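Next up, run.pdb (PDB, C-alpha atoms):
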```
ATOM      1  CA  MET A   1       0.000   0.000   0.000
ATOM      2  CA  SER A   2       1.138   3.541  -0.537
ATOM      3  CA  SER A   3       0.599   6.464   1.760
ATOM      4  CA  LEU A   4       0.187  10.105   0.850
ATOM      5  CA  GLU A   5       1.670  12.711   3.170
ATOM      6  CA  ILE A   6       0.624  16.313   2.823
ATOM      7  CA  ASN A   7       2.779  18.948   4.443
ATOM      8  CA  SER A   8       0.285  21.719   5.145
ATOM      9  CA  SER A   9       2.922  24.425   5.399
ATOM     10  CA  SER A  10       4.332  23.936   1.891
ATOM     11  CA  PHE A  11       1.561  21.881   0.260
ATOM     12  CA  SER A  12       4.183  19.449  -1.091
ATOM     13  CA  GLN A  13       3.144  15.871  -1.657
ATOM     14  CA  GLU A  14       5.381  12.869  -1.111
ATOM     15  CA  MET A  15       4.488   9.331  -2.175
ATOM     16  CA  LYS A  16       5.963   6.560  -0.053
ATOM     17  CA  LEU A  17       5.920   3.118  -1.586
ATOM     18  CA  PRO A  18       6.983  -0.049   0.224
ATOM     19  CA  LEU A  19      10.143  -1.824  -0.852
ATOM     20  CA  SER A  20       9.604  -4.864  -3.040
ATOM     21  CA  PRO A  21       9.320  -8.030  -0.959
ATOM     22  CA  PRO A  22      12.331 -10.345  -1.220
ATOM     23  CA  LEU A  23      12.004 -13.218  -3.664
ATOM     24  CA  VAL A  24      11.124 -16.514  -2.072
ATOM     25  CA  GLU A  25      12.658 -19.620  -3.604
ATOM     26  CA  GLY A  26      10.054 -21.264  -5.788
ATOM     27  CA  SER A  27       7.733 -18.248  -5.745
ATOM     28  CA  ALA A  28       5.894 -17.092  -8.842
ATOM     29  CA  LEU A  29       8.297 -14.152  -9.080
ATOM     30  CA  GLU A  30      11.392 -16.358  -9.141
ATOM     31  CA  PRO A  31      12.505 -17.183 -12.719
ATOM     32  CA  LEU A  32      11.709 -20.732 -13.849
ATOM     33  CA  GLY A  33      14.451 -23.226 -13.002
ATOM     34  CA  CYS A  34      16.311 -20.904 -10.615
ATOM     35  CA  VAL A  35      17.637 -21.886  -7.222
ATOM     36  CA  ARG A  36      18.912 -19.063  -5.040
ATOM     37  CA  LYS A  37      22.067 -20.028  -3.124
ATOM     38  CA  ASP A  38      22.499 -16.616  -1.540
ATOM     39  CA  MET A  39      21.642 -13.028  -2.439
ATOM     40  CA  ASN A  40      24.277 -12.758  -5.198
ATOM     41  CA  GLU A  41      24.465 -16.274  -6.597
ATOM     42  CA  ILE A  42      21.837 -17.948  -8.748
ATOM     43  CA  GLU A  43      22.113 -21.407 -10.260
ATOM     44  CA  GLU A  44      19.890 -21.945 -13.258
ATOM     45  CA  LYS A  45      19.273 -24.997 -15.434
ATOM     46  CA  SER A  46      19.357 -24.373 -19.196
ATOM     47  CA  ASN A  47      16.129 -25.139 -21.060
ATOM     48  CA  ASP A  48      15.208 -26.038 -24.624
ATOM     49  CA  ILE A  49      11.495 -25.437 -25.135
ATOM     50  CA  ILE A  50       9.975 -26.775 -28.363
ATOM     51  CA  LYS A  51       6.305 -26.493 -29.241
ATOM     52  CA  PHE A  52       4.153 -27.141 -32.293
ATOM     53  CA  THR A  53       0.627 -25.773 -32.006
ATOM     54  CA  ALA A  54      -2.454 -24.790 -33.979
ATOM     55  CA  GLU A  55      -2.951 -21.886 -31.551
ATOM     56  CA  LYS A  56      -1.893 -18.301 -32.289
ATOM     57  CA  LEU A  57       1.716 -17.712 -31.170
ATOM     58  CA  SER A  58       2.566 -15.056 -28.585
ATOM     59  CA  ILE A  59       5.859 -13.190 -28.936
ATOM     60  CA  ASP A  60       5.655 -12.104 -25.289
ATOM     61  CA  GLU A  61       5.058 -15.650 -24.046
ATOM     62  CA  VAL A  62       7.947 -17.133 -26.007
ATOM     63  CA  SER A  63      10.409 -14.352 -25.150
ATOM     64  CA  GLN A  64       9.551 -14.602 -21.429
ATOM     65  CA  LEU A  65      10.394 -18.319 -21.474
ATOM     66  CA  VAL A  66      14.049 -17.530 -22.184
ATOM     67  CA  VAL A  67      14.529 -14.532 -19.877
ATOM     68  CA  SER A  68      17.187 -15.170 -17.252
ATOM     69  CA  PRO A  69      18.824 -13.020 -14.582
ATOM     70  CA  LEU A  70      22.129 -14.445 -15.823
ATOM     71  CA  CYS A  71      21.617 -13.048 -19.331
ATOM     72  CA  GLY A  72      21.902  -9.594 -20.822
ATOM     73  CA  ALA A  73      20.438 -10.517 -24.199
ATOM     74  CA  VAL A  74      17.300 -12.114 -25.600
ATOM     75  CA  SER A  75      17.241 -12.393 -29.383
ATOM     76  CA  LEU A  76      14.143 -13.240 -31.394
ATOM     77  CA  PHE A  77      13.224 -14.312 -34.877
ATOM     78  CA  VAL A  78       9.542 -13.999 -35.750
ATOM     79  CA  GLY A  79       8.435 -15.330 -39.124
ATOM     80  CA  THR A  80       5.052 -14.023 -40.262
ATOM     81  CA  THR A  81       2.670 -14.659 -43.148
ATOM     82  CA  ARG A  82       3.091 -11.993 -45.819
ATOM     83  CA  ASN A  83       0.211 -11.013 -48.097
ATOM     84  CA  ASN A  84       1.883 -11.678 -51.454
ATOM     85  CA  PHE A  85       4.112 -14.068 -53.366
ATOM     86  CA  GLU A  86       5.221 -13.651 -57.006
ATOM     87  CA  GLY A  87       2.373 -11.245 -57.763
ATOM     88  CA  LYS A  88      -0.333 -13.385 -56.160
ATOM     89  CA  LYS A  89      -2.338 -12.204 -53.156
ATOM     90  CA  VAL A  90      -1.786 -14.618 -50.257
ATOM     91  CA  ILE A  91      -4.618 -14.887 -47.713
ATOM     92  CA  SER A  92      -3.030 -17.485 -45.416
ATOM     93  CA  LEU A  93      -0.448 -20.219 -45.095
ATOM     94  CA  GLU A  94      -1.082 -23.782 -44.023
ATOM     95  CA  TYR A  95       1.652 -25.749 -42.253
ATOM     96  CA  GLU A  96       2.034 -29.480 -41.763
ATOM     97  CA  ALA A  97       4.866 -31.336 -40.056
ATOM     98  CA  TYR A  98       6.024 -34.860 -39.413
ATOM     99  CA  LEU A  99       6.078 -34.189 -35.659
ATOM    100  CA  PRO A 100       8.317 -36.965 -34.275
ATOM    101  CA  MET A 101      11.065 -36.172 -36.763
ATOM    102  CA  ALA A 102      10.504 -32.399 -36.589
ATOM    103  CA  GLU A 103      10.879 -32.362 -32.797
ATOM    104  CA  ASN A 104      13.972 -34.558 -32.995
ATOM    105  CA  GLU A 105      15.589 -32.317 -35.628
ATOM    106  CA  ILE A 106      14.891 -29.168 -33.581
ATOM    107  CA  ARG A 107      16.452 -30.832 -30.514
ATOM    108  CA  LYS A 108      19.550 -31.498 -32.651
ATOM    109  CA  ILE A 109      19.579 -27.815 -33.686
ATOM    110  CA  CYS A 110      19.413 -26.792 -30.018
ATOM    111  CA  SER A 111      22.276 -29.150 -29.207
ATOM    112  CA  ASP A 112      24.328 -27.756 -32.117
ATOM    113  CA  ILE A 113      23.676 -24.208 -30.891
ATOM    114  CA  ARG A 114      24.927 -25.136 -27.413
ATOM    115  CA  GLN A 115      28.117 -26.553 -28.976
ATOM    116  CA  LYS A 116      28.743 -23.339 -30.943
ATOM    117  CA  TRP A 117      27.622 -20.525 -28.586
ATOM    118  CA  PRO A 118      27.348 -19.967 -24.813
ATOM    119  CA  VAL A 119      23.552 -19.581 -24.651
ATOM    120  CA  LYS A 120      21.223 -20.120 -21.702
ATOM    121  CA  HIS A 121      17.709 -20.880 -22.948
ATOM    122  CA  ILE A 122      16.297 -21.698 -26.386
ATOM    123  CA  ALA A 123      12.620 -21.653 -27.376
ATOM    124  CA  VAL A 124      11.310 -22.721 -30.785
ATOM    125  CA  PHE A 125       7.543 -22.436 -31.329
ATOM    126  CA  HIS A 126       6.035 -23.307 -34.722
ATOM    127  CA  ARG A 127       2.442 -22.914 -35.781
ATOM    128  CA  LEU A 128       0.619 -25.699 -37.604
ATOM    129  CA  GLY A 129      -2.571 -25.439 -39.624
ATOM    130  CA  LEU A 130      -3.830 -22.149 -41.069
ATOM    131  CA  VAL A 131      -1.861 -18.970 -40.322
ATOM    132  CA  PRO A 132      -3.537 -15.745 -41.540
ATOM    133  CA  VAL A 133      -1.609 -12.799 -42.986
ATOM    134  CA  SER A 134       0.515 -10.890 -40.425
ATOM    135  CA  GLU A 135       0.360 -13.652 -37.799
ATOM    136  CA  ALA A 136       3.485 -15.483 -36.628
ATOM    137  CA  SER A 137       4.282 -18.886 -38.110
ATOM    138  CA  ILE A 138       7.451 -19.342 -36.073
ATOM    139  CA  ILE A 139       9.091 -17.704 -33.081
ATOM    140  CA  ILE A 140      12.646 -18.537 -32.058
ATOM    141  CA  ALA A 141      14.020 -16.989 -28.865
ATOM    142  CA  VAL A 142      17.507 -17.400 -27.401
ATOM    143  CA  SER A 143      19.044 -15.877 -24.289
ATOM    144  CA  SER A 144      22.740 -15.397 -23.586
ATOM    145  CA  ALA A 145      25.026 -13.270 -21.469
ATOM    146  CA  HIS A 146      25.949 -11.109 -24.479
ATOM    147  CA  ARG A 147      24.068 -10.240 -27.687
ATOM    148  CA  THR A 148      26.466 -11.699 -30.260
ATOM    149  CA  SER A 149      25.875 -15.277 -29.113
ATOM    150  CA  SER A 150      22.085 -15.053 -29.070
ATOM    151  CA  LEU A 151      21.888 -13.166 -32.397
ATOM    152  CA  GLU A 152      24.107 -15.709 -34.162
ATOM    153  CA  ALA A 153      22.265 -18.622 -32.542
ATOM    154  CA  VAL A 154      18.850 -17.339 -33.705
ATOM    155  CA  SER A 155      20.105 -16.898 -37.260
ATOM    156  CA  TYR A 156      21.614 -20.403 -37.237
ATOM    157  CA  ALA A 157      18.393 -21.846 -35.794
ATOM    158  CA  ILE A 158      16.070 -20.492 -38.499
ATOM    159  CA  ASP A 159      18.467 -21.288 -41.358
ATOM    160  CA  THR A 160      19.043 -24.845 -40.123
ATOM    161  CA  LEU A 161      15.366 -25.407 -39.324
ATOM    162  CA  LYS A 162      14.391 -24.452 -42.886
ATOM    163  CA  ALA A 163      17.088 -26.761 -44.287
ATOM    164  CA  LYS A 164      16.501 -29.853 -42.137
ATOM    165  CA  VAL A 165      13.141 -29.942 -40.365
ATOM    166  CA  PRO A 166      10.206 -31.702 -42.104
ATOM    167  CA  ILE A 167       7.696 -28.847 -42.090
ATOM    168  CA  TRP A 168       5.650 -28.136 -45.213
ATOM    169  CA  LYS A 169       3.997 -24.865 -46.199
ATOM    170  CA  LYS A 170       0.995 -24.391 -48.468
ATOM    171  CA  GLU A 171       0.154 -20.880 -49.696
ATOM    172  CA  MET A 172      -3.549 -20.091 -49.977
ATOM    173  CA  TYR A 173      -4.287 -17.446 -52.633
ATOM    174  CA  GLU A 174      -7.181 -15.007 -52.954
ATOM    175  CA  GLU A 175      -8.302 -16.501 -56.282
ATOM    176  CA  SER A 176      -9.199 -19.813 -54.531
ATOM    177  CA  SER A 177      -6.029 -21.571 -55.579
ATOM    178  CA  SER A 178      -3.176 -22.853 -53.472
ATOM    179  CA  SER A 179       0.347 -24.126 -53.862
ATOM    180  CA  TRP A 180       2.574 -26.305 -51.694
ATOM    181  CA  LYS A 181       5.897 -24.485 -51.533
ATOM    182  CA  ARG A 182       9.186 -26.242 -52.094
ATOM    183  CA  ASN A 183      11.745 -25.103 -49.563
ATOM    184  CA  LYS A 184      14.839 -24.308 -51.647
ATOM    185  CA  GLU A 185      16.996 -24.533 -48.499
ATOM    186  CA  CYS A 186      15.879 -28.059 -47.614
ATOM    187  CA  PHE A 187      18.654 -30.647 -48.007
ATOM    188  CA  TRP A 188      16.466 -33.334 -49.606
ATOM    189  CA  THR A 189      15.429 -31.019 -52.468
ATOM    190  CA  ALA A 190      18.907 -29.604 -53.138
ATOM    191  CA  SER A 191      19.693 -32.177 -55.842
ATOM    192  CA  ASP A 192      16.712 -31.177 -58.023
TER
END
```
Could you show the structure in this file as structure tokens?
Amino acid sequence: MSSLEINSSSFSQEMKLPLSPPLVEGSALEPLGCVRKDMNEIEEKSNDIIKFTAEKLSIDEVSQLVVSPLCGAVSLFVGTTRNNFEGKKVISLEYEAYLPMAENEIRKICSDIRQKWPVKHIAVFHRLGLVPVSEASIIIAVSSAHRTSSLEAVSYAIDTLKAKVPIWKKEMYEESSSSWKRNKECFWTASD
């Protein structure tokens, strides 16, 4: 609660707010996976969070999953449905995936990232089904102590995902036609 003091001689107002309560281990305010050893030392388990969903993706939700008191950087890639392709008006995209293999390949990407860069948390969320124009199809978030690692890791993640993960995209056009898109970056189509 706050209190308002009015000094009648000068009519000045002063707001007094209480100090924030200390964090309690395991409280809702404590970051996920953190264990407080003492006031200055936090031990935190690294997390790889992978999700495929038909639900609308939330940039805030995904970015919050990788926030860490040990990190000074959170980098994001957000891929959205654009409204055009080669002169055709796109009204939505439709995604399908071979989920067991897709999840396994994304776990390999996360492992590769951890071998290449000192990152803390990685989140990869991909939408399945219909994705209207301007909505996110994919969100990749990575946290690290410094920005270079997380920026490079996010770039690697999206490039490698497009090349190796079995996810297919169908463009739905305004004129009632559609087209499954060949991913030029995908390794199994490179020999065409």
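Distance-wise, CA of Lys120 in chain A and CA of Ser46 in chain A end up 5.3 Å apart.
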Neighbour list for Val78 in chain A as a list in words, cut-off 12 Å, only C-alpha atoms, skip fewer than 5 positions in-chain: Leu57, Ser58, Ile59, Asp60, Val62, Ser63, Ala123, Val124, Phe125, His126, Arg127, Ser134, Glu135, Ala136, Ser137, Ile138, Ile139, Ile140, Ala141, Val154, Ser155, Ala157 and Ile158 of chain A
Point (-1.5, -20.0, -47.7) neighbourhood (8 Å, only C-alpha atoms) written as a PyMOL selection string: chain A and resi 90-94+130-132+169-173+178-179
Take the selection from the previous step and output its residues with C-alpha atoms, as a PDB file, in the frame of the given file.
```pdb
ATOM      1  CA  VAL A  90      -1.786 -14.618 -50.257  1.00  0.00           C
ATOM      2  CA  ILE A  91      -4.618 -14.887 -47.713  1.00  0.00           C
ATOM      3  CA  SER A  92      -3.030 -17.485 -45.416  1.00  0.00           C
ATOM      4  CA  LEU A  93      -0.448 -20.219 -45.095  1.00  0.00           C
ATOM      5  CA  GLU A  94      -1.082 -23.782 -44.023  1.00  0.00           C
ATOM      6  CA  LEU A 130      -3.830 -22.149 -41.069  1.00  0.00           C
ATOM      7  CA  VAL A 131      -1.861 -18.970 -40.322  1.00  0.00           C
ATOM      8  CA  PRO A 132      -3.537 -15.745 -41.540  1.00  0.00           C
ATOM      9  CA  LYS A 169       3.997 -24.865 -46.199  1.00  0.00           C
ATOM     10  CA  LYS A 170       0.995 -24.391 -48.468  1.00  0.00           C
ATOM     11  CA  GLU A 171       0.154 -20.880 -49.696  1.00  0.00           C
ATOM     12  CA  MET A 172      -3.549 -20.091 -49.977  1.00  0.00           C
ATOM     13  CA  TYR A 173      -4.287 -17.446 -52.633  1.00  0.00           C
ATOM     14  CA  SER A 178      -3.176 -22.853 -53.472  1.00  0.00           C
ATOM     15  CA  SER A 179       0.347 -24.126 -53.862  1.00  0.00           C
TER      16      SER A 179
END
```
Got a sec: who's within 8 Å of range 110-115 of chain A, counting only C-alpha atoms, leaving out chain neighbours fewer than 4 positions off, as a compact mmCIF listing (two decimals) with C-alpha atoms, in the coordinates of the input?
```txt
# COMPACT_ATOMS: atom_id res chain seq x y z
CA ASP A 48 15.21 -26.04 -24.62
CA ILE A 106 14.89 -29.17 -33.58
CA VAL A 119 23.55 -19.58 -24.65
CA ILE A 122 16.30 -21.70 -26.39
CA ALA A 153 22.26 -18.62 -32.54
CA TYR A 156 21.61 -20.40 -37.24
CA ALA A 157 18.39 -21.85 -35.79
```
Shortest interatomic distance to Ser144 in chain A - which of A:Gln64, A:Asn47, A:Thr81, A:Ser75, counting all atoms listed in the file: A:Ser75
Resolved residues for the PyMOL selection byres ((chain A and resi 167) around 7) as a PyMOL selection string: chain A and resi 95-98+165-166+168-169
Padding 6 Å on every side, please: axis-aligned box over the listed atoms of range 156-174 of chain A, centre and edge lengths to one decimal in Å, as AutoDock Vina command-line options.
```
--center_x 7.2 --center_y -23.4 --center_z -44.4 --size_x 40.8 --size_y 28.7 --size_z 29.2
```
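CA of Gly79 in chain A is found 12.7 Å from CA of Lys56 in chain A.
Relative to CA of Lys108 in chain A, CA of Lys162 in chain A is found at 13.5 Å.
Counting all atoms listed in the file and comparing A:Leu151, A:Ala102, A:Ala73, A:Ala163, the residue that lies closest to Leu128 in chain A is A:Ala102.
In terms of minimum interatomic distance to Ile49 in chain A, A:Val66 ranks closest within A:Cys71, A:Val133, A:Val66, A:Ala145, counting all atoms listed in the file.
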